[in-house]
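Asker: Dropping in my_file.cif, with mmCIF, C-alpha atoms.
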data_input
#
loop_
_atom_site.label_atom_id
_atom_site.label_comp_id
_atom_site.auth_asym_id
_atom_site.auth_seq_id
_atom_site.Cartn_x
_atom_site.Cartn_y
_atom_site.Cartn_z
CA MET A 305 106.60 -26.65 -3.16
CA ALA A 306 105.21 -25.38 -6.39
CA LYS A 307 101.74 -24.31 -5.34
CA SER A 308 101.08 -21.52 -2.89
CA LEU A 309 100.54 -22.81 0.63
CA GLU A 310 99.05 -21.49 3.85
CA LEU A 311 101.77 -21.91 6.46
CA THR A 312 101.60 -21.18 10.17
CA VAL A 313 104.89 -20.81 12.00
CA ILE A 314 104.70 -20.91 15.80
CA GLY A 315 107.69 -19.15 17.30
CA CYS A 316 109.56 -16.27 15.64
CA GLY A 317 112.98 -16.79 17.15
CA ARG A 318 116.03 -17.46 15.03
CA LEU A 319 114.67 -20.66 13.53
CA GLY A 320 111.05 -19.55 13.12
CA SER A 321 112.03 -16.29 11.48
CA ILE A 322 114.32 -17.99 8.96
CA LEU A 323 111.43 -20.27 8.00
CA ALA A 324 108.82 -17.47 7.93
CA ASN A 325 111.05 -15.25 5.78
CA HIS A 326 111.85 -18.11 3.45
CA PHE A 327 108.22 -19.17 2.97
CA SER A 328 107.10 -15.59 2.39
CA GLN A 329 109.85 -15.07 -0.16
CA GLN A 330 108.72 -18.24 -1.94
CA GLY A 331 105.24 -16.76 -2.38
CA HIS A 332 103.44 -18.72 0.34
CA ARG A 333 100.93 -17.15 2.72
CA VAL A 334 102.50 -17.11 6.16
CA VAL A 335 101.14 -16.47 9.65
CA VAL A 336 103.81 -16.30 12.33
CA ILE A 337 102.94 -16.29 16.03
CA ASP A 338 105.12 -15.22 18.95
CA ARG A 339 104.19 -14.05 22.39
CA ASP A 340 107.06 -11.57 22.30
CA LYS A 341 106.42 -8.74 19.83
CA SER A 342 110.14 -7.91 19.61
CA ALA A 343 110.71 -11.33 18.03
CA PHE A 344 109.21 -10.01 14.81
CA ALA A 345 112.27 -7.80 14.38
CA HIS A 346 113.83 -10.95 12.85
CA LEU A 347 111.42 -10.68 9.92
CA THR A 348 112.74 -8.99 6.80
CA GLU A 349 111.15 -5.91 5.29
CA GLU A 350 110.05 -8.09 2.40
CA PHE A 351 108.05 -10.38 4.70
CA SER A 352 104.51 -10.15 3.40
CA GLY A 353 102.83 -12.45 5.93
CA PHE A 354 100.89 -11.79 9.09
CA ALA A 355 102.66 -11.49 12.46
CA LEU A 356 100.44 -12.26 15.42
CA THR A 357 101.46 -11.44 18.99
CA GLY A 358 100.13 -13.87 21.58
CA ASP A 359 100.54 -17.10 23.47
CA ALA A 360 100.16 -20.00 21.06
CA ALA A 361 99.04 -22.20 23.95
CA GLU A 362 95.76 -20.27 23.95
CA MET A 363 92.98 -21.42 21.64
CA GLN A 364 91.95 -17.82 21.01
CA ILE A 365 95.29 -17.01 19.37
CA LEU A 366 95.19 -20.13 17.22
CA ARG A 367 91.69 -19.17 16.09
CA GLU A 368 92.86 -15.63 15.29
CA ALA A 369 95.64 -17.20 13.26
CA LYS A 370 92.94 -19.09 11.32
CA LEU A 371 94.87 -22.27 11.94
CA GLU A 372 92.05 -24.36 10.45
CA LYS A 373 92.98 -22.95 7.03
CA ALA A 374 96.64 -23.90 7.28
CA ASP A 375 98.14 -26.53 4.99
CA CYS A 376 101.03 -26.87 7.40
CA ALA A 377 101.89 -25.79 10.93
CA LEU A 378 105.48 -25.69 12.15
CA ALA A 379 105.91 -25.53 15.93
CA VAL A 380 109.45 -24.25 16.37
CA THR A 381 109.58 -22.36 19.66
CA GLY A 382 112.41 -23.03 22.09
CA LYS A 383 110.02 -24.83 24.43
CA ASP A 384 109.32 -28.50 23.82
CA ASN A 385 106.14 -28.56 25.90
CA LEU A 386 104.64 -25.65 23.99
CA ASN A 387 105.63 -27.16 20.66
CA ILE A 388 103.94 -30.46 21.47
CA MET A 389 100.79 -28.82 22.84
CA VAL A 390 100.33 -26.57 19.82
CA SER A 391 101.10 -29.44 17.46
CA GLN A 392 98.44 -31.65 19.00
CA LEU A 393 95.87 -28.84 18.86
CA ALA A 394 96.80 -28.15 15.24
CA LYS A 395 96.31 -31.80 14.29
CA THR A 396 93.28 -32.75 16.34
CA VAL A 397 91.26 -29.56 16.82
CA PHE A 398 92.15 -27.59 13.69
CA GLY A 399 92.72 -30.54 11.34
CA VAL A 400 95.97 -29.21 9.88
CA PRO A 401 97.17 -31.83 7.36
CA ILE A 402 100.90 -31.40 7.96
CA VAL A 403 102.31 -30.59 11.39
CA LEU A 404 106.04 -30.49 12.07
CA THR A 405 107.24 -30.33 15.67
CA ARG A 406 110.64 -29.15 16.88
CA ILE A 407 112.14 -31.15 19.72
CA LEU A 408 115.09 -29.78 21.62
CA GLU A 409 115.48 -32.55 24.18
CA PRO A 410 116.33 -35.70 22.18
CA ALA A 411 115.24 -37.99 25.05
CA ARG A 412 111.63 -36.89 24.50
CA GLU A 413 111.55 -37.66 20.80
CA GLU A 414 110.31 -41.23 21.11
CA ILE A 415 107.34 -40.21 23.27
CA TYR A 416 106.36 -37.50 20.81
CA GLN A 417 106.55 -39.84 17.88
CA LYS A 418 104.31 -42.28 19.75
CA LEU A 419 101.78 -39.46 19.95
CA GLY A 420 101.79 -39.49 16.16
CA LEU A 421 103.74 -36.28 15.71
CA THR A 422 106.32 -35.69 13.01
CA THR A 423 109.24 -34.46 15.05
CA ILE A 424 112.52 -32.89 14.11
CA SER A 425 115.18 -32.93 16.79
CA THR A 426 117.18 -29.79 16.05
CA THR A 427 119.74 -30.96 18.61
CA LYS A 428 120.34 -34.24 16.78
CA VAL A 429 120.39 -32.51 13.40
CA SER A 430 123.02 -30.10 14.74
CA ALA A 431 125.11 -32.91 16.23
CA THR A 432 125.09 -34.70 12.88
CA ALA A 433 126.29 -31.53 11.16
CA PHE A 434 129.21 -31.29 13.60
CA LEU A 435 130.18 -34.94 13.09
CA GLN A 436 130.11 -34.49 9.31
CA ALA A 437 132.21 -31.30 9.53
CA LEU A 438 134.74 -33.04 11.77
CA GLN A 439 134.98 -35.99 9.41
CA GLN A 440 135.54 -33.62 6.49
CA GLN A 441 138.23 -31.66 8.34
CA LEU A 442 140.01 -34.88 9.32
CA GLU A 443 140.03 -36.03 5.71
CA GLU A 444 141.36 -32.66 4.56
CA ASN A 445 144.10 -32.70 7.21
CA ILE A 446 145.22 -36.19 6.15
CA SER A 447 145.31 -35.46 2.42
CA MET B 478 137.54 -41.38 12.50
CA ALA B 479 139.56 -44.56 12.79
CA LYS B 480 142.36 -43.46 15.10
CA SER B 481 141.81 -42.33 18.65
CA LEU B 482 141.61 -38.56 18.93
CA GLU B 483 141.93 -35.99 21.70
CA LEU B 484 138.72 -33.96 21.54
CA THR B 485 137.76 -30.95 23.63
CA VAL B 486 134.08 -30.05 23.75
CA ILE B 487 133.27 -26.60 25.11
CA GLY B 488 129.72 -26.51 26.44
CA CYS B 489 127.90 -29.52 27.87
CA GLY B 490 124.32 -28.58 27.04
CA ARG B 491 122.11 -30.73 24.84
CA LEU B 492 124.37 -30.46 21.80
CA GLY B 493 127.72 -30.65 23.63
CA SER B 494 126.66 -33.65 25.66
CA ILE B 495 125.48 -35.59 22.59
CA LEU B 496 128.87 -34.97 20.99
CA ALA B 497 130.87 -35.77 24.15
CA ASN B 498 128.95 -39.00 24.75
CA HIS B 499 129.32 -40.00 21.10
CA PHE B 500 133.07 -39.35 20.98
CA SER B 501 133.66 -41.17 24.25
CA GLN B 502 131.66 -44.15 23.03
CA GLN B 503 133.75 -44.21 19.86
CA GLY B 504 136.89 -44.60 21.94
CA HIS B 505 138.23 -41.05 21.69
CA ARG B 506 139.69 -39.17 24.63
CA VAL B 507 137.28 -36.38 25.52
CA VAL B 508 137.51 -33.32 27.73
CA VAL B 509 134.23 -31.46 28.15
CA ILE B 510 134.06 -28.02 29.78
CA ASP B 511 131.03 -26.27 31.22
CA ARG B 512 130.78 -23.54 33.80
CA ASP B 513 127.64 -25.17 35.19
CA LYS B 514 128.43 -28.43 36.97
CA SER B 515 124.83 -29.62 36.62
CA ALA B 516 125.28 -29.70 32.83
CA PHE B 517 127.36 -32.85 33.24
CA ALA B 518 124.19 -34.71 34.23
CA HIS B 519 123.67 -35.00 30.43
CA LEU B 520 126.70 -37.31 30.23
CA THR B 521 125.98 -41.02 30.23
CA GLU B 522 127.36 -43.39 32.84
CA GLU B 523 129.57 -44.85 30.14
CA PHE B 524 131.23 -41.49 29.48
CA SER B 525 134.91 -42.12 30.15
CA GLY B 526 136.21 -38.61 29.47
CA PHE B 527 137.07 -35.74 31.76
CA ALA B 528 134.45 -33.19 32.80
CA LEU B 529 135.90 -29.83 33.82
CA THR B 530 133.82 -27.18 35.57
CA GLY B 531 134.80 -23.63 34.73
CA ASP B 532 134.48 -20.64 32.45
CA ALA B 533 135.99 -21.50 29.06
CA ALA B 534 136.66 -17.80 28.47
CA GLU B 535 139.44 -18.05 31.08
CA MET B 536 142.88 -19.13 29.96
CA GLN B 537 143.43 -21.04 33.18
CA ILE B 538 140.54 -23.42 32.41
CA LEU B 539 141.76 -24.00 28.88
CA ARG B 540 145.20 -24.80 30.25
CA GLU B 541 143.69 -27.19 32.79
CA ALA B 542 141.87 -28.84 29.89
CA LYS B 543 145.28 -29.29 28.22
CA LEU B 544 143.84 -27.74 25.11
CA GLU B 545 147.29 -27.68 23.47
CA LYS B 546 147.08 -31.48 23.21
CA ALA B 547 143.70 -31.51 21.48
CA ASP B 548 143.35 -32.69 17.89
CA CYS B 549 140.03 -30.91 17.68
CA ALA B 550 138.09 -28.37 19.73
CA LEU B 551 134.34 -27.95 19.30
CA ALA B 552 132.89 -24.73 20.72
CA VAL B 553 129.20 -25.51 21.08
CA THR B 554 127.87 -23.39 23.92
CA GLY B 555 124.64 -21.45 23.46
CA LYS B 556 126.60 -18.18 23.36
CA ASP B 557 128.06 -17.06 20.06
CA ASN B 558 130.52 -14.63 21.64
CA LEU B 559 131.94 -17.28 23.93
CA ASN B 560 132.18 -19.79 21.07
CA ILE B 561 134.14 -17.38 18.88
CA MET B 562 136.45 -16.30 21.70
CA VAL B 563 137.32 -19.85 22.72
CA SER B 564 137.71 -20.89 19.09
CA GLN B 565 140.20 -18.12 18.41
CA LEU B 566 142.19 -18.98 21.53
CA ALA B 567 142.15 -22.66 20.56
CA LYS B 568 143.53 -21.87 17.10
CA THR B 569 146.02 -19.12 17.82
CA VAL B 570 147.24 -19.69 21.39
CA PHE B 571 146.88 -23.46 21.75
CA GLY B 572 147.49 -24.41 18.10
CA VAL B 573 144.58 -26.84 17.87
CA PRO B 574 144.56 -28.19 14.29
CA ILE B 575 140.78 -28.47 13.89
CA VAL B 576 138.40 -26.00 15.50
CA LEU B 577 134.65 -26.10 14.84
CA THR B 578 132.52 -23.18 16.00
CA ARG B 579 128.80 -23.19 16.59
CA ILE B 580 126.94 -20.09 15.44
CA LEU B 581 123.38 -19.49 16.56
CA GLU B 582 122.81 -16.12 14.94
CA PRO B 583 123.11 -16.68 11.18
CA ALA B 584 123.79 -12.98 10.50
CA ARG B 585 127.14 -13.31 12.25
CA GLU B 586 128.36 -16.26 10.23
CA GLU B 587 130.08 -14.26 7.49
CA ILE B 588 132.13 -12.26 9.99
CA TYR B 589 133.22 -15.41 11.77
CA GLN B 590 134.25 -17.08 8.55
CA LYS B 591 136.30 -14.00 7.66
CA LEU B 592 138.16 -14.56 10.92
CA GLY B 593 139.16 -17.94 9.49
CA LEU B 594 136.88 -20.02 11.66
CA THR B 595 135.04 -23.12 10.50
CA THR B 596 131.51 -22.34 11.56
CA ILE B 597 128.39 -24.42 11.72
CA SER B 598 125.15 -22.48 11.96
CA THR B 599 122.93 -24.80 13.94
CA THR B 600 120.01 -22.49 13.16
CA LYS B 601 120.52 -22.85 9.40
CA VAL B 602 121.07 -26.58 9.69
CA SER B 603 117.78 -26.86 11.61
CA ALA B 604 115.90 -24.72 9.09
CA THR B 605 117.14 -26.93 6.27
CA ALA B 606 115.90 -30.02 8.14
CA PHE B 607 112.44 -28.46 8.45
CA LEU B 608 112.31 -27.54 4.77
CA GLN B 609 113.29 -31.08 3.79
CA ALA B 610 110.69 -32.59 6.14
CA LEU B 611 108.00 -30.30 4.74
CA GLN B 612 108.93 -31.22 1.18
CA GLN B 613 108.77 -34.91 2.07
CA GLN B 614 105.39 -34.55 3.76
CA LEU B 615 103.99 -32.65 0.78
CA GLU B 616 105.15 -35.38 -1.57
CA GLU B 617 103.60 -38.07 0.65
CA ASN B 618 100.31 -36.15 0.85
CA ILE B 619 100.14 -35.81 -2.92
CA SER B 620 100.97 -39.44 -3.68
#
Could you rewrite the structure in this file as structure tokens?
Answerer:
Amino acid sequence: MAKSLELTVIGCGRLGSILANHFSQQGHRVVVIDRDKSAFAHLTEEFSGFALTGDAAEMQILREAKLEKADCALAVTGKDNLNIMVSQLAKTVFGVPIVLTRILEPAREEIYQKLGLTTISTTKVSATAFLQALQQQLEENIS
Amino acid sequence: MAKSLELTVIGCGRLGSILANHFSQQGHRVVVIDRDKSAFAHLTEEFSGFALTGDAAEMQILREAKLEKADCALAVTGKDNLNIMVSQLAKTVFGVPIVLTRILEPAREEIYQKLGLTTISTTKVSATAFLQALQQQLEENIS
């Protein structure tokens, strides 16, 4: 990620705020959206992006966020339905070139991928991390 | 994980149920605890382990789970405080050799590690997955 990007992060919970802080620190231009203003407390003092309070399921908020300018949108709220809705709007209405969609419920992943979305199942990713850690601990306990 | 293990999974939400189903399928003996009986709906029909309804913060439930026999306990509820409490009991009172603790709030991870726990920040793991996916998409868009 050498060049400076326009990144829109939808959801400023634990995951969204880590990403927003990271991107800002890397010199990218970041817009982060959350309907709950208190979520922005997760942002560091160094965060130089734009925090927008509102419901990302509303077109008006996505327009305010200037989503059409984004190089990438990351839908990372804790709600699968919201993530998929925003992701589809980002792709089809706003023409965002890269859209990444968080999926919490692994059973839905196949459907989302059929809709042409690039999904990341944070549940599966977490499960894999646990299996790897267990394997490592078992090997350490044997040796 | 060649030999059959006794595994206790605390929390049968999305993450806990993936792990419990996986371990059961691999031929391990699994006990999964959740205070909400409906959480066990996540378990597959093939799940051959033992599902125990109760509050894992209570010693009585951990005794019923025969935690002292476990080779590994995985505390993967959505509540950091519960995960740390159960993990400490598993290590110190029940002598479980391998204890893996889920951390949602990354800021707490250092404290937990100082307490000697093996923590996995599912938030950090998820953020890393998003950064990797973004990097991959950027490379594909350039090429």
Asker: On this structure, which residues satisfy the PyMOL selection byres ((chain B and resi 491-507) around 6), written as a list in words?
Answerer: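 This file gives the following for the PyMOL selection byres ((chain B and resi 491-507) around 6): Thr427 of chain A; Ser481, Leu482, Glu483, Leu484, Thr485, Gly488, Cys489, Gly490, Val508, His519, Leu520, Phe524, Gly526 and Val553 of chain B.
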Asker: Dump C-alpha atoms for the selected residues as a short mmCIF file (atom, residue, chain, number, x, y, z; two decimals), in the coordinates of the input?
Answerer:
data_model
loop_
_atom_site.label_atom_id
_atom_site.label_comp_id
_atom_site.auth_asym_id
_atom_site.auth_seq_id
_atom_site.Cartn_x
_atom_site.Cartn_y
_atom_site.Cartn_z
CA THR A 427 119.74 -30.96 18.61
CA SER B 481 141.81 -42.33 18.65
CA LEU B 482 141.61 -38.56 18.93
CA GLU B 483 141.93 -35.99 21.70
CA LEU B 484 138.72 -33.96 21.54
CA THR B 485 137.76 -30.95 23.63
CA GLY B 488 129.72 -26.51 26.44
CA CYS B 489 127.90 -29.52 27.87
CA GLY B 490 124.32 -28.58 27.04
CA VAL B 508 137.51 -33.32 27.73
CA HIS B 519 123.67 -35.00 30.43
CA LEU B 520 126.70 -37.31 30.23
CA PHE B 524 131.23 -41.49 29.48
CA GLY B 526 136.21 -38.61 29.47
CA VAL B 553 129.20 -25.51 21.08
#
Asker: What is the distance between CA of Gln612 (chain B) and CA of Glu349 (chain A), in Å to one decimal?
Answerer: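 Interatomic distance, CA of Gln612 (chain B) to CA of Glu349 (chain A): 25.7 Å.
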Asker: I need the residue set behind the PyMOL selection byres ((chain A and resi 438) around 9) for this file; please write it as an MDAnalysis selection string.
Answerer: (chainID A and resid 433:437 439:443) or (chainID B and resid 478 549 575:577)
Asker: Identify all residues satisfying the PyMOL selection byres ((chain B and resi 538-545) around 9) in the given file; provide them as a ChimeraX atom specification.
Answerer: /B:484-485,508-510,527,529-537,546-550,563,566-567,570-573
Asker: Quick one: residues within 10 Å of (118.5, -34.8, 13.2) (file frame), counting all atoms listed in the file, please, as a compact mmCIF listing (two decimals) with C-alpha atoms, in the frame of the given file.
Answerer:
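out-v4.txt, freshly written:
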# COMPACT_ATOMS: atom_id res chain seq x y z
CA ILE A 407 112.14 -31.15 19.72
CA PRO A 410 116.33 -35.70 22.18
CA THR A 423 109.24 -34.46 15.05
CA ILE A 424 112.52 -32.89 14.11
CA SER A 425 115.18 -32.93 16.79
CA THR A 426 117.18 -29.79 16.05
CA THR A 427 119.74 -30.96 18.61
CA LYS A 428 120.34 -34.24 16.78
CA VAL A 429 120.39 -32.51 13.40
CA SER A 430 123.02 -30.10 14.74
CA ALA A 431 125.11 -32.91 16.23
CA THR A 432 125.09 -34.70 12.88
CA ALA A 433 126.29 -31.53 11.16
CA VAL B 602 121.07 -26.58 9.69
CA SER B 603 117.78 -26.86 11.61
CA ALA B 606 115.90 -30.02 8.14
CA PHE B 607 112.44 -28.46 8.45
Asker: Under the rule that all atoms listed in the file are counted, which of B:Glu587, B:Glu617, B:Glu523, B:Glu582 is the nearest residue to chain A?
Answerer: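 Closest candidate: B:Glu582.
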Asker: May I ask for the distance between CA of Val486 (chain B) and CA of Ala552 (chain B), given in Å to one decimal place?
Answerer: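 The value is 6.2 Å.
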Asker: Could you check the closest approach to chain B for each of A:Asn387, A:Gln417, A:Thr405, A:Thr381 and tell me which residue wins, using all atoms listed in the file?
Answerer: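 Checking each candidate against chain B, we get A:Thr405 as the closest.
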Asker: Counting all atoms listed in the file, figure out which residue out of A:Leu408, A:Tyr416, A:Asn385, A:Thr396 gets nearest to chain B.
Answerer: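 Selected residue with least distance to chain B: A:Leu408.
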Asker: What gap, in Å, lies between CA of Lys568 (chain B) and CA of Gly593 (chain B)?
Answerer: 9.6 Å
Asker: I'd like to know which of B:Met562, B:Ile588, B:Leu551, B:Ile487 is closest to chain A, using all atoms listed in the file.
Answerer: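 Selected residue with least distance to chain A: B:Leu551.
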Asker: Using only C-alpha atoms, can you tell me which of A:Ala345, A:Glu413, A:Asn445, A:Asp340 comes closest to chain B?
Answerer: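 So, comparing all the options, the nearest one is A:Asn445.
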